[in-house]
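As provided, data.cif (mmCIF, N, CA and C atoms) reads as follows.
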```cif
data_target
#
loop_
_atom_site.group_PDB
_atom_site.id
_atom_site.type_symbol
_atom_site.label_atom_id
_atom_site.label_comp_id
_atom_site.auth_asym_id
_atom_site.auth_seq_id
_atom_site.Cartn_x
_atom_site.Cartn_y
_atom_site.Cartn_z
ATOM 1 N N MET U 22 113.200 130.850 73.008
ATOM 2 C CA MET U 22 113.404 132.188 73.500
ATOM 3 C C MET U 22 114.893 132.489 73.526
ATOM 4 N N LEU U 23 115.217 133.751 73.422
ATOM 5 C CA LEU U 23 116.617 134.171 73.382
ATOM 6 C C LEU U 23 117.004 134.848 74.694
ATOM 7 N N ILE U 24 118.213 134.496 75.181
ATOM 8 C CA ILE U 24 118.740 135.033 76.431
ATOM 9 C C ILE U 24 120.110 135.647 76.143
ATOM 10 N N LEU U 25 120.302 136.892 76.536
ATOM 11 C CA LEU U 25 121.543 137.625 76.307
ATOM 12 C C LEU U 25 122.329 137.748 77.614
ATOM 13 N N VAL U 26 123.642 137.431 77.566
ATOM 14 C CA VAL U 26 124.463 137.448 78.773
ATOM 15 C C VAL U 26 125.839 138.032 78.448
ATOM 16 N N PRO U 27 126.326 139.023 79.209
ATOM 17 C CA PRO U 27 127.692 139.523 79.031
ATOM 18 C C PRO U 27 128.685 138.524 79.648
ATOM 19 N N VAL U 28 129.713 138.147 78.877
ATOM 20 C CA VAL U 28 130.660 137.131 79.347
ATOM 21 C C VAL U 28 132.106 137.575 79.147
ATOM 22 N N ASP U 29 133.009 136.818 79.783
ATOM 23 C CA ASP U 29 134.430 137.147 79.748
ATOM 24 C C ASP U 29 135.179 136.530 78.578
ATOM 25 N N SER U 30 134.600 135.515 77.942
ATOM 26 C CA SER U 30 135.311 134.805 76.879
ATOM 27 C C SER U 30 134.324 134.005 76.036
ATOM 28 N N GLU U 31 134.849 133.354 75.044
ATOM 29 C CA GLU U 31 134.040 132.523 74.157
ATOM 30 C C GLU U 31 134.423 131.055 74.379
ATOM 31 N N GLU U 32 134.027 130.540 75.538
ATOM 32 C CA GLU U 32 134.364 129.173 75.910
ATOM 33 C C GLU U 32 133.123 128.307 76.048
ATOM 34 N N GLY U 33 132.132 128.535 75.201
ATOM 35 C CA GLY U 33 130.911 127.748 75.271
ATOM 36 C C GLY U 33 130.195 127.962 76.585
ATOM 37 N N LEU U 34 129.584 126.903 77.109
ATOM 38 C CA LEU U 34 128.839 127.012 78.358
ATOM 39 C C LEU U 34 129.734 127.246 79.571
ATOM 40 N N ALA U 35 131.044 127.120 79.401
ATOM 41 C CA ALA U 35 131.993 127.398 80.490
ATOM 42 C C ALA U 35 132.319 128.889 80.604
ATOM 43 N N SER U 36 131.863 129.696 79.664
ATOM 44 C CA SER U 36 132.095 131.149 79.720
ATOM 45 C C SER U 36 131.479 131.699 80.997
ATOM 46 N N ARG U 37 132.157 132.685 81.579
ATOM 47 C CA ARG U 37 131.726 133.248 82.861
ATOM 48 C C ARG U 37 131.033 134.595 82.666
ATOM 49 N N ILE U 38 129.942 134.792 83.389
ATOM 50 C CA ILE U 38 129.229 136.059 83.355
ATOM 51 C C ILE U 38 130.075 137.133 84.038
ATOM 52 N N VAL U 39 130.038 138.355 83.481
ATOM 53 C CA VAL U 39 130.764 139.490 84.041
ATOM 54 C C VAL U 39 129.861 140.719 83.980
ATOM 55 N N PRO U 40 130.202 141.775 84.722
ATOM 56 C CA PRO U 40 129.444 143.022 84.596
ATOM 57 C C PRO U 40 129.500 143.540 83.149
ATOM 58 N N ARG U 41 128.492 144.243 82.739
ATOM 59 C CA ARG U 41 128.404 144.740 81.360
ATOM 60 C C ARG U 41 129.654 145.485 80.926
ATOM 61 N N MET U 42 130.195 146.322 81.802
ATOM 62 C CA MET U 42 131.350 147.145 81.443
ATOM 63 C C MET U 42 132.619 146.311 81.240
ATOM 64 N N GLU U 43 132.647 145.094 81.746
ATOM 65 C CA GLU U 43 133.811 144.215 81.616
ATOM 66 C C GLU U 43 133.636 143.147 80.538
ATOM 67 N N ALA U 44 132.507 143.163 79.855
ATOM 68 C CA ALA U 44 132.205 142.115 78.874
ATOM 69 C C ALA U 44 133.179 142.167 77.691
ATOM 70 N N LYS U 45 133.779 141.038 77.420
ATOM 71 C CA LYS U 45 134.630 140.892 76.234
ATOM 72 C C LYS U 45 133.817 140.335 75.068
ATOM 73 N N ARG U 46 132.740 139.607 75.389
ATOM 74 C CA ARG U 46 131.833 139.037 74.403
ATOM 75 C C ARG U 46 130.414 139.080 74.984
ATOM 76 N N TRP U 47 129.442 138.908 74.120
ATOM 77 C CA TRP U 47 128.047 138.783 74.539
ATOM 78 C C TRP U 47 127.540 137.451 74.016
ATOM 79 N N ALA U 48 127.010 136.650 74.920
ATOM 80 C CA ALA U 48 126.480 135.337 74.547
ATOM 81 C C ALA U 48 124.988 135.460 74.279
ATOM 82 N N LEU U 49 124.545 134.833 73.189
ATOM 83 C CA LEU U 49 123.128 134.767 72.861
ATOM 84 C C LEU U 49 122.735 133.292 72.875
ATOM 85 N N ILE U 50 121.913 132.949 73.838
ATOM 86 C CA ILE U 50 121.493 131.565 74.037
ATOM 87 C C ILE U 50 120.088 131.396 73.491
ATOM 88 N N ASP U 51 119.913 130.443 72.592
ATOM 89 C CA ASP U 51 118.584 130.083 72.117
ATOM 90 C C ASP U 51 118.132 128.909 72.982
ATOM 91 N N PHE U 52 117.178 129.163 73.862
ATOM 92 C CA PHE U 52 116.721 128.190 74.848
ATOM 93 C C PHE U 52 115.288 127.816 74.533
ATOM 94 N N ASP U 53 115.034 126.514 74.363
ATOM 95 C CA ASP U 53 113.694 126.070 74.012
ATOM 96 C C ASP U 53 113.448 124.684 74.578
ATOM 97 N N ALA U 54 112.266 124.457 75.108
ATOM 98 C CA ALA U 54 111.857 123.160 75.645
ATOM 99 C C ALA U 54 112.854 122.621 76.672
ATOM 100 N N GLY U 55 113.394 123.512 77.515
ATOM 101 C CA GLY U 55 114.266 123.099 78.587
ATOM 102 C C GLY U 55 115.695 122.784 78.205
ATOM 103 N N GLU U 56 116.101 123.164 76.990
ATOM 104 C CA GLU U 56 117.483 122.902 76.591
ATOM 105 C C GLU U 56 118.026 123.992 75.677
ATOM 106 N N VAL U 57 119.355 124.059 75.607
ATOM 107 C CA VAL U 57 120.020 125.031 74.752
ATOM 108 C C VAL U 57 119.986 124.522 73.319
ATOM 109 N N ARG U 58 119.357 125.281 72.441
ATOM 110 C CA ARG U 58 119.296 124.918 71.009
ATOM 111 C C ARG U 58 120.536 125.415 70.278
ATOM 112 N N SER U 59 121.002 126.610 70.668
ATOM 113 C CA SER U 59 122.227 127.152 70.067
ATOM 114 C C SER U 59 122.827 128.188 71.009
ATOM 115 N N LEU U 60 124.108 128.416 70.814
ATOM 116 C CA LEU U 60 124.843 129.407 71.596
ATOM 117 C C LEU U 60 125.779 130.124 70.641
ATOM 118 N N ARG U 61 125.595 131.443 70.542
ATOM 119 C CA ARG U 61 126.450 132.245 69.666
ATOM 120 C C ARG U 61 127.043 133.380 70.472
ATOM 121 N N PHE U 62 128.218 133.837 70.032
ATOM 122 C CA PHE U 62 128.918 134.922 70.715
ATOM 123 C C PHE U 62 129.087 136.101 69.766
ATOM 124 N N PHE U 63 129.012 137.309 70.339
ATOM 125 C CA PHE U 63 129.145 138.544 69.573
ATOM 126 C C PHE U 63 130.150 139.454 70.269
ATOM 127 N N ASP U 64 130.807 140.302 69.479
ATOM 128 C CA ASP U 64 131.817 141.214 70.018
ATOM 129 C C ASP U 64 131.223 142.317 70.880
ATOM 130 N N SER U 65 130.001 142.718 70.574
ATOM 131 C CA SER U 65 129.341 143.776 71.336
ATOM 132 C C SER U 65 127.837 143.524 71.341
ATOM 133 N N ARG U 66 127.162 144.182 72.255
ATOM 134 C CA ARG U 66 125.703 144.027 72.306
ATOM 135 C C ARG U 66 125.053 144.568 71.034
ATOM 136 N N GLU U 67 125.645 145.607 70.505
ATOM 137 C CA GLU U 67 125.098 146.213 69.288
ATOM 138 C C GLU U 67 125.232 145.311 68.056
ATOM 139 N N SER U 68 126.169 144.392 68.086
ATOM 140 C CA SER U 68 126.365 143.510 66.934
ATOM 141 C C SER U 68 125.474 142.268 66.964
ATOM 142 N N VAL U 69 124.702 142.090 68.024
ATOM 143 C CA VAL U 69 123.790 140.943 68.100
ATOM 144 C C VAL U 69 122.739 141.099 67.011
ATOM 145 N N ASP U 70 122.547 140.049 66.224
ATOM 146 C CA ASP U 70 121.690 140.148 65.041
ATOM 147 C C ASP U 70 120.261 139.656 65.246
ATOM 148 N N ALA U 71 119.824 139.488 66.472
ATOM 149 C CA ALA U 71 118.461 139.019 66.749
ATOM 150 C C ALA U 71 117.481 140.190 66.681
ATOM 151 N N ASP U 72 116.312 139.943 66.107
ATOM 152 C CA ASP U 72 115.281 140.968 66.048
ATOM 153 C C ASP U 72 114.648 141.211 67.412
ATOM 154 N N TRP U 73 114.528 140.151 68.206
ATOM 155 C CA TRP U 73 113.886 140.253 69.509
ATOM 156 C C TRP U 73 114.624 139.362 70.491
ATOM 157 N N ILE U 74 114.951 139.876 71.661
ATOM 158 C CA ILE U 74 115.587 139.103 72.726
ATOM 159 C C ILE U 74 114.643 139.127 73.923
ATOM 160 N N ASP U 75 114.327 137.949 74.431
ATOM 161 C CA ASP U 75 113.347 137.834 75.508
ATOM 162 C C ASP U 75 113.902 138.222 76.872
ATOM 163 N N PHE U 76 115.127 137.765 77.176
ATOM 164 C CA PHE U 76 115.705 137.964 78.503
ATOM 165 C C PHE U 76 117.159 138.421 78.402
ATOM 166 N N ALA U 77 117.578 139.193 79.391
ATOM 167 C CA ALA U 77 118.997 139.496 79.589
ATOM 168 C C ALA U 77 119.299 139.088 81.027
ATOM 169 N N VAL U 78 120.462 138.491 81.238
ATOM 170 C CA VAL U 78 120.888 138.118 82.582
ATOM 171 C C VAL U 78 122.135 138.927 82.901
ATOM 172 N N LEU U 79 122.095 139.650 84.013
ATOM 173 C CA LEU U 79 123.223 140.487 84.414
ATOM 174 C C LEU U 79 123.920 139.901 85.636
ATOM 175 N N GLU U 80 125.150 140.336 85.828
ATOM 176 C CA GLU U 80 125.998 139.827 86.906
ATOM 177 C C GLU U 80 125.550 140.332 88.280
ATOM 178 N N ASN U 81 125.054 141.577 88.343
ATOM 179 C CA ASN U 81 124.578 142.089 89.626
ATOM 180 C C ASN U 81 123.461 143.109 89.415
ATOM 181 N N ARG U 82 122.719 143.355 90.458
ATOM 182 C CA ARG U 82 121.527 144.201 90.346
ATOM 183 C C ARG U 82 121.837 145.697 90.315
ATOM 184 N N PHE U 83 123.102 146.065 90.455
ATOM 185 C CA PHE U 83 123.474 147.477 90.468
ATOM 186 C C PHE U 83 123.913 147.991 89.103
ATOM 187 N N GLU U 84 123.855 147.139 88.099
ATOM 188 C CA GLU U 84 124.239 147.548 86.747
ATOM 189 C C GLU U 84 123.124 148.352 86.090
ATOM 190 N N ASN U 85 123.490 149.165 85.115
ATOM 191 C CA ASN U 85 122.509 149.902 84.341
ATOM 192 C C ASN U 85 121.762 148.916 83.450
ATOM 193 N N TYR U 86 120.462 148.894 83.553
ATOM 194 C CA TYR U 86 119.661 147.932 82.797
ATOM 195 C C TYR U 86 118.492 148.561 82.050
ATOM 196 N N MET U 87 118.287 149.861 82.223
ATOM 197 C CA MET U 87 117.117 150.508 81.629
ATOM 198 C C MET U 87 117.073 150.373 80.109
ATOM 199 N N ASP U 88 118.220 150.448 79.436
ATOM 200 C CA ASP U 88 118.221 150.324 77.983
ATOM 201 C C ASP U 88 117.740 148.939 77.553
ATOM 202 N N LEU U 89 118.072 147.927 78.323
ATOM 203 C CA LEU U 89 117.623 146.568 77.992
ATOM 204 C C LEU U 89 116.108 146.459 78.156
ATOM 205 N N MET U 90 115.589 147.024 79.237
ATOM 206 C CA MET U 90 114.147 146.994 79.470
ATOM 207 C C MET U 90 113.397 147.798 78.409
ATOM 208 N N GLU U 91 113.988 148.919 77.995
ATOM 209 C CA GLU U 91 113.348 149.734 76.963
ATOM 210 C C GLU U 91 113.256 148.997 75.633
ATOM 211 N N GLU U 92 114.165 148.046 75.418
ATOM 212 C CA GLU U 92 114.122 147.226 74.209
ATOM 213 C C GLU U 92 113.181 146.032 74.350
ATOM 214 N N GLY U 93 112.513 145.930 75.505
ATOM 215 C CA GLY U 93 111.521 144.887 75.708
ATOM 216 C C GLY U 93 112.031 143.627 76.380
ATOM 217 N N MET U 94 113.265 143.630 76.841
ATOM 218 C CA MET U 94 113.811 142.450 77.508
ATOM 219 C C MET U 94 113.403 142.434 78.980
ATOM 220 N N MET U 95 113.122 141.245 79.490
ATOM 221 C CA MET U 95 112.975 141.084 80.927
ATOM 222 C C MET U 95 114.391 140.891 81.460
ATOM 223 N N VAL U 96 114.771 141.658 82.458
ATOM 224 C CA VAL U 96 116.137 141.608 82.968
ATOM 225 C C VAL U 96 116.170 140.810 84.264
ATOM 226 N N LEU U 97 117.043 139.806 84.268
ATOM 227 C CA LEU U 97 117.234 138.943 85.422
ATOM 228 C C LEU U 97 118.657 139.099 85.942
ATOM 229 N N VAL U 98 118.869 138.689 87.193
ATOM 230 C CA VAL U 98 120.185 138.792 87.819
ATOM 231 C C VAL U 98 120.558 137.418 88.363
ATOM 232 N N ARG U 99 121.809 137.057 88.164
ATOM 233 C CA ARG U 99 122.283 135.762 88.674
ATOM 234 C C ARG U 99 122.350 135.783 90.191
ATOM 235 N N ARG U 100 122.347 134.618 90.770
ATOM 236 C CA ARG U 100 122.550 134.474 92.210
ATOM 237 C C ARG U 100 123.973 133.990 92.458
ATOM 238 N N GLU U 101 124.406 134.036 93.691
ATOM 239 C CA GLU U 101 125.743 133.567 94.046
ATOM 240 C C GLU U 101 125.914 132.117 93.590
ATOM 241 N N GLY U 102 127.061 131.833 92.988
ATOM 242 C CA GLY U 102 127.354 130.486 92.513
ATOM 243 C C GLY U 102 126.942 130.239 91.072
ATOM 244 N N GLN U 103 126.171 131.145 90.502
ATOM 245 C CA GLN U 103 125.742 131.006 89.107
ATOM 246 C C GLN U 103 126.697 131.822 88.235
ATOM 247 N N ASP U 104 127.920 131.319 88.095
ATOM 248 C CA ASP U 104 128.978 132.078 87.445
ATOM 249 C C ASP U 104 129.154 131.780 85.960
ATOM 250 N N THR U 105 128.770 130.594 85.517
ATOM 251 C CA THR U 105 128.989 130.195 84.126
ATOM 252 C C THR U 105 127.669 130.179 83.368
ATOM 253 N N LEU U 106 127.770 130.167 82.046
ATOM 254 C CA LEU U 106 126.557 130.068 81.238
ATOM 255 C C LEU U 106 125.807 128.781 81.544
ATOM 256 N N GLU U 107 126.539 127.706 81.786
ATOM 257 C CA GLU U 107 125.889 126.442 82.120
ATOM 258 C C GLU U 107 125.048 126.575 83.391
ATOM 259 N N ALA U 108 125.598 127.209 84.421
ATOM 260 C CA ALA U 108 124.862 127.414 85.670
ATOM 261 C C ALA U 108 123.678 128.351 85.468
ATOM 262 N N ILE U 109 123.856 129.352 84.633
ATOM 263 C CA ILE U 109 122.768 130.295 84.357
ATOM 264 C C ILE U 109 121.627 129.609 83.621
ATOM 265 N N VAL U 110 121.957 128.765 82.651
ATOM 266 C CA VAL U 110 120.929 128.029 81.917
ATOM 267 C C VAL U 110 120.155 127.113 82.868
ATOM 268 N N GLU U 111 120.862 126.415 83.738
ATOM 269 C CA GLU U 111 120.196 125.544 84.711
ATOM 270 C C GLU U 111 119.306 126.357 85.641
ATOM 271 N N ALA U 112 119.801 127.499 86.098
ATOM 272 C CA ALA U 112 119.008 128.361 86.971
ATOM 273 C C ALA U 112 117.783 128.904 86.234
ATOM 274 N N PHE U 113 117.953 129.253 84.970
ATOM 275 C CA PHE U 113 116.829 129.754 84.180
ATOM 276 C C PHE U 113 115.759 128.675 84.047
ATOM 277 N N LYS U 114 116.204 127.461 83.796
ATOM 278 C CA LYS U 114 115.286 126.335 83.619
ATOM 279 C C LYS U 114 114.399 126.144 84.848
ATOM 280 N N PHE U 115 114.957 126.340 86.032
ATOM 281 C CA PHE U 115 114.218 126.114 87.268
ATOM 282 C C PHE U 115 113.771 127.407 87.952
ATOM 283 N N LYS U 116 113.795 128.512 87.176
ATOM 284 C CA LYS U 116 113.343 129.828 87.664
ATOM 285 C C LYS U 116 114.088 130.254 88.940
ATOM 286 N N GLU U 117 115.407 130.051 88.937
ATOM 287 C CA GLU U 117 116.234 130.387 90.083
ATOM 288 C C GLU U 117 117.101 131.619 89.845
ATOM 289 N N LEU U 118 116.675 132.504 88.953
ATOM 290 C CA LEU U 118 117.322 133.798 88.748
ATOM 291 C C LEU U 118 116.391 134.856 89.328
ATOM 292 N N ASP U 119 116.943 135.969 89.764
ATOM 293 C CA ASP U 119 116.133 137.023 90.363
ATOM 294 C C ASP U 119 115.772 138.082 89.339
ATOM 295 N N GLU U 120 114.578 138.672 89.499
ATOM 296 C CA GLU U 120 114.207 139.814 88.672
ATOM 297 C C GLU U 120 114.997 141.008 89.164
ATOM 298 N N ILE U 121 115.363 141.894 88.270
ATOM 299 C CA ILE U 121 116.241 143.014 88.593
ATOM 300 C C ILE U 121 115.653 143.935 89.653
ATOM 301 N N GLY U 122 114.360 144.117 89.675
ATOM 302 C CA GLY U 122 113.733 145.070 90.593
ATOM 303 C C GLY U 122 113.521 144.537 91.999
ATOM 304 N N LEU U 123 113.816 143.270 92.240
ATOM 305 C CA LEU U 123 113.522 142.690 93.562
ATOM 306 C C LEU U 123 114.710 142.723 94.485
#
```

Translate this structure into structure tokens?
Amino acid sequence: MLILVPVDSEEGLASRIVPRMEAKRWALIDFDAGEVRSLRFFDSRESVDADWIDFAVLENRFENYMDLMEEGMMVLVRREGQDTLEAIVEAFKFKELDEIGL
């Protein structure tokens, strides 16, 4: 499954999640069988070349997310302390991210 996350830089799993409006890059994580299969970075959300993205993870629940949902993505929100892609992947693995509407 593919997970889309707005980040501040292209530093692999050490990249930090940021609000959409502050994103310098967009990380696309290919997550399968409990591990990261690949991690790619894009300059903008529009430049992501995936046909289908399963999940988007946002920095906070007050961000605009309707366009992501309209594209069929389930939108999740990080919890406090889940600042890096590595922490987000671990939280995703154990279902420790919040749904946007909750």

Distance query Lys114 of chain U at most 10 Å, only C-alpha atoms, self and fewer than 4 positions along chain excluded, as a PyMOL selection string
chain U and resi 52-56+108-110+118

One number please: atom N of Glu120 of chain U to atom CA of Gly33 of chain U, in Å, one decimal.
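Atom N of Glu120 of chain U sits 24.3 Å away from atom CA of Gly33 of chain U.
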
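The smallest atom-to-atom distance between Glu84 of chain U and any of U:Pro40, U:Val57, U:Glu107, U:Glu101, using all atoms listed in the file, is found for U:Pro40.
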
Which residue gives the smallest distance to Glu80 of chain U among U:Val28, U:Met95, U:Leu23, U:Val39, with all atoms listed in the file counted?
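Nearest candidate to Glu80 of chain U out of U:Val28, U:Met95, U:Leu23, U:Val39: U:Val39.
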
Can you pull out every residue from segment 22-111 of chain U that DSSP, working from the backbone, puts in helix (DSSP H, G or I), and format the result as a list in words?
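Checking each residue of segment 22-111 of chain U, the helix (DSSP H, G or I) ones are Gly33, Leu34, Ala35, Arg41, Met42, Glu43, Arg66, Glu67, Ser68, Met87, Asp88, Leu89, Met90, Glu91, Leu106, Glu107, Ala108, Ile109, Val110 and Glu111 of chain U.
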
Where does the PyMOL selection byres ((chain U and resi 81) around 8) land in this file, that is, which residues does it pick, as number ranges by chain?
U: 38-41, 78-80, 82-85, 97-100, 121

Can those selected residues be exported to a file as a JSON list (two decimals), in the frame of the given file so that it contains N, CA and C atoms?
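Written output follows (part_18.json):
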```json
[["chain", "number", "residue", "atom", "x", "y", "z"],
["U", 38, "ILE", "N", 129.94, 134.79, 83.39],
["U", 38, "ILE", "CA", 129.23, 136.06, 83.36],
["U", 38, "ILE", "C", 130.07, 137.13, 84.04],
["U", 39, "VAL", "N", 130.04, 138.35, 83.48],
["U", 39, "VAL", "CA", 130.76, 139.49, 84.04],
["U", 39, "VAL", "C", 129.86, 140.72, 83.98],
["U", 40, "PRO", "N", 130.20, 141.78, 84.72],
["U", 40, "PRO", "CA", 129.44, 143.02, 84.60],
["U", 40, "PRO", "C", 129.50, 143.54, 83.15],
["U", 41, "ARG", "N", 128.49, 144.24, 82.74],
["U", 41, "ARG", "CA", 128.40, 144.74, 81.36],
["U", 41, "ARG", "C", 129.65, 145.49, 80.93],
["U", 78, "VAL", "N", 120.46, 138.49, 81.24],
["U", 78, "VAL", "CA", 120.89, 138.12, 82.58],
["U", 78, "VAL", "C", 122.14, 138.93, 82.90],
["U", 79, "LEU", "N", 122.10, 139.65, 84.01],
["U", 79, "LEU", "CA", 123.22, 140.49, 84.41],
["U", 79, "LEU", "C", 123.92, 139.90, 85.64],
["U", 80, "GLU", "N", 125.15, 140.34, 85.83],
["U", 80, "GLU", "CA", 126.00, 139.83, 86.91],
["U", 80, "GLU", "C", 125.55, 140.33, 88.28],
["U", 82, "ARG", "N", 122.72, 143.35, 90.46],
["U", 82, "ARG", "CA", 121.53, 144.20, 90.35],
["U", 82, "ARG", "C", 121.84, 145.70, 90.32],
["U", 83, "PHE", "N", 123.10, 146.06, 90.46],
["U", 83, "PHE", "CA", 123.47, 147.48, 90.47],
["U", 83, "PHE", "C", 123.91, 147.99, 89.10],
["U", 84, "GLU", "N", 123.86, 147.14, 88.10],
["U", 84, "GLU", "CA", 124.24, 147.55, 86.75],
["U", 84, "GLU", "C", 123.12, 148.35, 86.09],
["U", 85, "ASN", "N", 123.49, 149.16, 85.12],
["U", 85, "ASN", "CA", 122.51, 149.90, 84.34],
["U", 85, "ASN", "C", 121.76, 148.92, 83.45],
["U", 97, "LEU", "N", 117.04, 139.81, 84.27],
["U", 97, "LEU", "CA", 117.23, 138.94, 85.42],
["U", 97, "LEU", "C", 118.66, 139.10, 85.94],
["U", 98, "VAL", "N", 118.87, 138.69, 87.19],
["U", 98, "VAL", "CA", 120.18, 138.79, 87.82],
["U", 98, "VAL", "C", 120.56, 137.42, 88.36],
["U", 99, "ARG", "N", 121.81, 137.06, 88.16],
["U", 99, "ARG", "CA", 122.28, 135.76, 88.67],
["U", 99, "ARG", "C", 122.35, 135.78, 90.19],
["U", 100, "ARG", "N", 122.35, 134.62, 90.77],
["U", 100, "ARG", "CA", 122.55, 134.47, 92.21],
["U", 100, "ARG", "C", 123.97, 133.99, 92.46],
["U", 121, "ILE", "N", 115.36, 141.89, 88.27],
["U", 121, "ILE", "CA", 116.24, 143.01, 88.59],
["U", 121, "ILE", "C", 115.65, 143.94, 89.65]]
```

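Taken over the whole file, the PyMOL selection byres ((chain U and resi 63) around 8) covers exactly Glu31, Lys45, Arg46, Trp47, Ala48, Leu49, Leu60, Arg61, Phe62, Asp64, Ser65, Arg66, Glu67, Ser68, Val69 and Asp70 of chain U.
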
Draw an axis-aligned box over all listed atoms of segment 42-61 of chain U, pad each side with 4 Å, and write its centre and edge lengths in Å, one decimal, as JSON.
```
{"center_x": 123.2, "center_y": 134.9, "center_z": 75.7, "size_x": 30.8, "size_y": 32.5, "size_z": 20.1}
```

For atom CA of Met90 of chain U and atom CA of Leu106 of chain U, quote the distance in Å rounded to one decimal.
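Going from atom CA of Met90 of chain U over to atom CA of Leu106 of chain U, I get 21.1 Å.
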
Just asking: which residues within chain U are strand (DSSP E) according to DSSP, as JSON, numbers by chain?
{"U": [23, 24, 25, 26, 27, 28, 46, 47, 48, 49, 50, 51, 52, 53, 56, 57, 58, 59, 60, 61, 62, 63, 76, 77, 78, 79, 95, 96, 97, 98, 119, 120]}

Quick one: pull the distance between atom CA of Asp75 of chain U and atom CA of Val26 of chain U, Å, one decimal.
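Those two atoms sit 11.6 Å apart.
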
If the PyMOL selection byres ((chain U and resi 73) around 8) is run on the structure shown, which residues does it catch, given as a ChimeraX atom specification?
/U:22-24,70-72,74-76,92-94
